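Here is the structure we will look at.
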Amino acid sequence: MNVPPFLTETEFISATVPTLIGTPPQQINLTVDISSGLLAAYAYDCVLCSGPTSFDSSLSSTFKSSSIPWSLSTPSFSGTVVTDTIGFGGIFDVADQQFVNINDGSSVNYSYIIRNGLLGLLPSPLNATSASTHILTRLYQSSSLLNPVIGMRFDPANPKLTIGALDPNDYEGTINWVEMTKYPDPSGDYYNTFNIDGVKGYNGEFVPFGGNLTAAFSSFSMTIALPNADTYFLNPNFTGPIPKPIDLDEELGIFQYNCTPGSSAAPPQSPYVALSASINGVDYQIDSVNNLLRPPAEALGYCPVGIKNRSDTSTPNVVFGLPFLRSVYVAYRFPTDTCPGYYGFAFPSGSNRTQSQISQTPTSTPTNSAQCLSLTAPTSTPTANVVLAQELIASKETYDANKDRHLASKVDVYVLTVEIGHVDVSLLEGIEAGQGTRAAVHPSPATIAVIQDKL
């Protein structure tokens with residue numbers, strides 16, 4: 001798993017996982033989504049799709065096209081339903097796996113949070129047919145996985161996704177298993193919901209949001225969304241000692257703490273954001289540095305705080321975004337047969353947690369834990385053996401001008417970074433002349449030709 005070193009409002013912050021698609025396999029770094037089951041890859045000729053890797057169906061001998069449009073397509077984010085072989089690490093794969101081939105990614109909202117495609121890790125709890133075709137379900141049903149479980153570390157110290165087993169070296173303490181909501185609210189914002197005890201502030205007391213709270217995860221959000229963040233920020237017992245004043249960024253809708261770097265006349269202000277999540281009797285500290293407290297934004301001397309109001313009144317009450325996921329080890333036992341879904345929580349190894357934190361024990365154990373949570377430990381580590389399509393063609397790849405013509409015919413703005421000496425001027429002259437295209441070329445082919453002549 002690849003994650004950014006810190007969270008910031010100005011950079012791509014989602015995690016990505018190298019995923020192998022096609023035969024021979026192409027490595028596409030799909031964006032991780034733990035709140036949906038959508039599997040999608042940006043097509044090679046996708047219009048305005050973001051990210052450095054994309055899927056070229058023409059290179060795969062097992063690709064099967066389809067004329068079926070993706071049911072959730074929008075005018076600025078659309079694709080078709082296709083199938084191909086998809087796997088991970090060259091260790092296991094699934095043939096004829098259905099996914100969406102995105103050919104238009106011009107949506108500003110999606111391009112900001114999704115790069116290369118999407119790896120949805122949540123088999124639908126509301127649609128049994130969809131869940132049965134999910135890649136995790138199919139891997140387990142084909143006996144490719146030892147257990148129906150994945151382990152996730154989003155922290156930058158050792159980001160990792162394990163599939164089929166949990167690595168005991170990745171976490172410390174007892175895994176705290178919590179059953180997920182069997183029948184989540186169809187009208188709710190999230191379907192990966194579960195119950196929590198609440199959230200606690202600096203004084204170790206619960207922030208009073210009421211009882212019977214439900215929570216969900218979002219691997220796209222860089223905040224912790226609470227029912228009423230003011231209840232936390234306006235009580236110094238919850239915030240602890242922080243430099244004044246507190247600023248509110250109206251545009252982002254989040255609070256900012258005074259975090260001036262300091263000078264010869266004044267010491268630096270290094271506030272600490274104190275917040276923990278209490279789940280089944282265990283308190284999980286949410287890290288402040290580079291998570292809840294982020295680098296200064298536009299307001300000089302103020303650092304955004306990753307806690308905000310959850311204005312939506314539908315379930316869940318609390319949404320744990322990346323600050324939580326980067327602070328806690330999370331296991332996911334996906335549903336199979338008579339077993340529902342479960343989340344498991346532990347402390348990431350090497351995360352500087354105290355022994356008193358690690359030694360906490362859960363209040364209760366799930367009813368069907370003997371049946372559903374008795375995981376088989378692996379006896380060996382599989383060795384990956386894969387040759388990527390990119391590697392096979394690297395030494396013999398030839399330039400295909402038709403691909404440039406095809407892409408230019410689909411867009412109004414076609415931006416390329418080129419090495420002047422290798423530009424096909426005649427091709428650009430054809431594009432500029434409108435031979436099957438509508439794109440303008442800047443600088444002009446004539447200008448490029450002059451530069452080439454001078455080289």
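By order in the structure tokens, chains are A, B, ...; within a chain, residues start at 1; ligands start at 1, following the order shown.
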Worksheet item: If we count only C-alpha atoms, what is near A:Thr363 at a cut-off of 8 Å, once residues fewer than 4 positions away on the same chain are taken out, given as an MDAnalysis selection string?
Response: chainID A and resid 280:282
Item to complete: Would you list the contacts of A:Pro245 as a count of residues only, taking every protein, DNA or RNA residue within 9 Å and counting only C-alpha atoms, but skipping same-chain residues closer than 3 positions in sequence?
Response: 3
For stretch 331-340 of chain A, find every residue with an atom within 6 Å (counting only C-alpha atoms), except residues of its own chain fewer than 2 positions away, and show them as an mmCIF file with all heavy atoms, in the first residue's frame.
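Result file part.cif:
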data_model
loop_
_atom_site.group_PDB
_atom_site.id
_atom_site.type_symbol
_atom_site.label_atom_id
_atom_site.label_comp_id
_atom_site.auth_asym_id
_atom_site.auth_seq_id
_atom_site.Cartn_x
_atom_site.Cartn_y
_atom_site.Cartn_z
ATOM 1 N N PRO A 148 -11.159 -15.437 5.128
ATOM 2 C CA PRO A 148 -11.896 -14.314 4.537
ATOM 3 C C PRO A 148 -11.613 -13.018 5.296
ATOM 4 O O PRO A 148 -12.496 -12.437 5.940
ATOM 5 C CB PRO A 148 -13.359 -14.743 4.677
ATOM 6 C CG PRO A 148 -13.369 -15.568 5.936
ATOM 7 C CD PRO A 148 -12.045 -16.286 5.963
ATOM 8 N N VAL A 149 -10.387 -12.554 5.212
ATOM 9 C CA VAL A 149 -9.976 -11.415 6.028
ATOM 10 C C VAL A 149 -8.899 -10.608 5.314
ATOM 11 O O VAL A 149 -8.134 -11.148 4.499
ATOM 12 C CB VAL A 149 -9.453 -11.899 7.404
ATOM 13 C CG1 VAL A 149 -8.127 -12.641 7.250
ATOM 14 C CG2 VAL A 149 -9.321 -10.748 8.383
ATOM 15 N N ILE A 150 -8.864 -9.312 5.603
ATOM 16 C CA ILE A 150 -7.772 -8.457 5.161
ATOM 17 C C ILE A 150 -7.292 -7.644 6.360
ATOM 18 O O ILE A 150 -8.053 -7.374 7.293
ATOM 19 C CB ILE A 150 -8.178 -7.512 4.012
ATOM 20 C CG1 ILE A 150 -9.306 -6.566 4.449
ATOM 21 C CG2 ILE A 150 -8.579 -8.310 2.775
ATOM 22 C CD1 ILE A 150 -9.675 -5.527 3.393
ATOM 23 N N GLY A 151 -6.039 -7.266 6.341
ATOM 24 C CA GLY A 151 -5.470 -6.407 7.371
ATOM 25 C C GLY A 151 -4.958 -5.128 6.738
ATOM 26 O O GLY A 151 -4.357 -5.164 5.655
ATOM 27 N N TYR A 342 -17.126 -8.228 10.159
ATOM 28 C CA TYR A 342 -16.553 -7.761 11.420
ATOM 29 C C TYR A 342 -15.392 -6.821 11.129
ATOM 30 O O TYR A 342 -14.637 -7.017 10.164
ATOM 31 C CB TYR A 342 -16.013 -8.915 12.262
ATOM 32 C CG TYR A 342 -17.025 -9.926 12.732
ATOM 33 C CD1 TYR A 342 -17.354 -11.009 11.929
ATOM 34 C CD2 TYR A 342 -17.636 -9.825 13.985
ATOM 35 C CE1 TYR A 342 -18.276 -11.954 12.346
ATOM 36 C CE2 TYR A 342 -18.556 -10.767 14.414
ATOM 37 C CZ TYR A 342 -18.874 -11.839 13.592
ATOM 38 O OH TYR A 342 -19.787 -12.779 14.007
ATOM 39 N N TYR A 343 -15.249 -5.819 11.984
ATOM 40 C CA TYR A 343 -14.024 -5.028 12.013
ATOM 41 C C TYR A 343 -13.227 -5.425 13.246
ATOM 42 O O TYR A 343 -13.806 -5.678 14.322
ATOM 43 C CB TYR A 343 -14.321 -3.531 12.073
ATOM 44 C CG TYR A 343 -14.602 -2.892 10.739
ATOM 45 C CD1 TYR A 343 -15.697 -2.044 10.565
ATOM 46 C CD2 TYR A 343 -13.763 -3.113 9.641
ATOM 47 C CE1 TYR A 343 -15.955 -1.446 9.338
ATOM 48 C CE2 TYR A 343 -14.021 -2.521 8.418
ATOM 49 C CZ TYR A 343 -15.107 -1.692 8.269
ATOM 50 O OH TYR A 343 -15.363 -1.107 7.055
ATOM 51 N N GLY A 344 -11.917 -5.490 13.089
ATOM 52 C CA GLY A 344 -11.039 -5.760 14.214
ATOM 53 C C GLY A 344 -10.065 -4.610 14.381
ATOM 54 O O GLY A 344 -9.562 -4.059 13.390
ATOM 55 N N CYS A 372 -16.763 -17.727 13.423
ATOM 56 C CA CYS A 372 -16.432 -16.782 12.355
ATOM 57 C C CYS A 372 -15.062 -16.124 12.478
ATOM 58 O O CYS A 372 -14.550 -15.585 11.486
ATOM 59 C CB CYS A 372 -17.495 -15.688 12.299
ATOM 60 S SG CYS A 372 -19.182 -16.285 12.021
#
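All residues within stretch 293-394 of chain A that the backbone DSSP calculation assigns to alpha helix (DSSP H) are Leu322, Pro323, Phe324, Leu325, Gln355, Ser356, Gln357, Ile358, Ser369, Ala370, Gln371, Cys372, Ala389, Gln390, Glu391, Leu392, Ile393 and Ala394 of chain A.
Of the residues listed (A:Asp45, A:Asp170, A:Asp84, A:Glu9), A:Asp84 shows the shortest atom-to-atom separation from A:Thr62; distances use only C-alpha atoms.
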Worksheet entry | Filtered DSSP result for stretch 145-214 of chain A, state strand (DSSP E), as JSON, numbers by chain | {"A": [149, 150, 151, 152, 153, 160, 161, 162, 163, 171, 172, 173, 174, 175, 176, 177, 178, 179, 194, 195, 196, 198, 199, 200, 213, 214]}
Worksheet item: Between A:Asn103, A:Asn127, A:Ser54, A:Ser61, which one has atoms that come closest to A:Ser73, using only C-alpha atoms?
Response: A:Asn103
For stretch 228-337 of chain A versus stretch 156-169 of chain A, which residues have an atom no more than 12 Å away, and what is each residue's nearest atom pair and distance in Å rounded to one decimal, using only C-alpha atoms, chain-then-number order, as a Markdown table?
| residue | atom | partner | partner_atom | distance |
| --- | --- | --- | --- | --- |
| A:Asn290 | CA | A:Pro156 | CA | 10.2 |
| A:Asn291 | CA | A:Pro156 | CA | 10.7 |
| A:Leu322 | CA | A:Pro156 | CA | 11.4 |
| A:Pro323 | CA | A:Pro156 | CA | 11.5 |
| A:Leu325 | CA | A:Pro159 | CA | 10.7 |
| A:Arg326 | CA | A:Pro156 | CA | 7.4 |
| A:Ser327 | CA | A:Pro156 | CA | 9.7 |
| A:Val328 | CA | A:Pro159 | CA | 11.4 |
| A:Tyr329 | CA | A:Lys160 | CA | 10.0 |
| A:Val330 | CA | A:Leu161 | CA | 10.0 |
| A:Ala331 | CA | A:Leu166 | CA | 7.6 |
| A:Tyr332 | CA | A:Leu166 | CA | 9.7 |
| A:Arg333 | CA | A:Gly164 | CA | 9.5 |
| A:Phe334 | CA | A:Gly164 | CA | 10.5 |
Could I get the residues of stretch 188-282 of chain A with an atom no further than 9 Å from an atom of stretch 26-33 of chain A, each paired with its nearest atom pair and that distance in Å to one decimal, using only C-alpha atoms, sorted by chain and residue number, as a tab-separated table?
residue	atom	partner	partner_atom	distance
A:Ser218	CA	A:Asp33	CA	7.4
A:Ser219	CA	A:Asp33	CA	5.7
A:Phe220	CA	A:Asp33	CA	7.2
How about saving the chosen residues, C-alpha atoms kept, as a PDB file, in the first residue's frame?
ATOM      1  CA  SER A 218     -13.954   6.778   4.928  1.00  0.00           C
ATOM      2  CA  SER A 219     -10.577   6.316   3.260  1.00  0.00           C
ATOM      3  CA  PHE A 220     -11.162   9.539   1.282  1.00  0.00           C
TER       4      PHE A 220
END
Worksheet item: Between A:Lys308, A:Gly188, A:Pro271, A:Thr315, which has the minimum distance to A:Pro295 (counting only C-alpha atoms)?
Response: A:Pro271
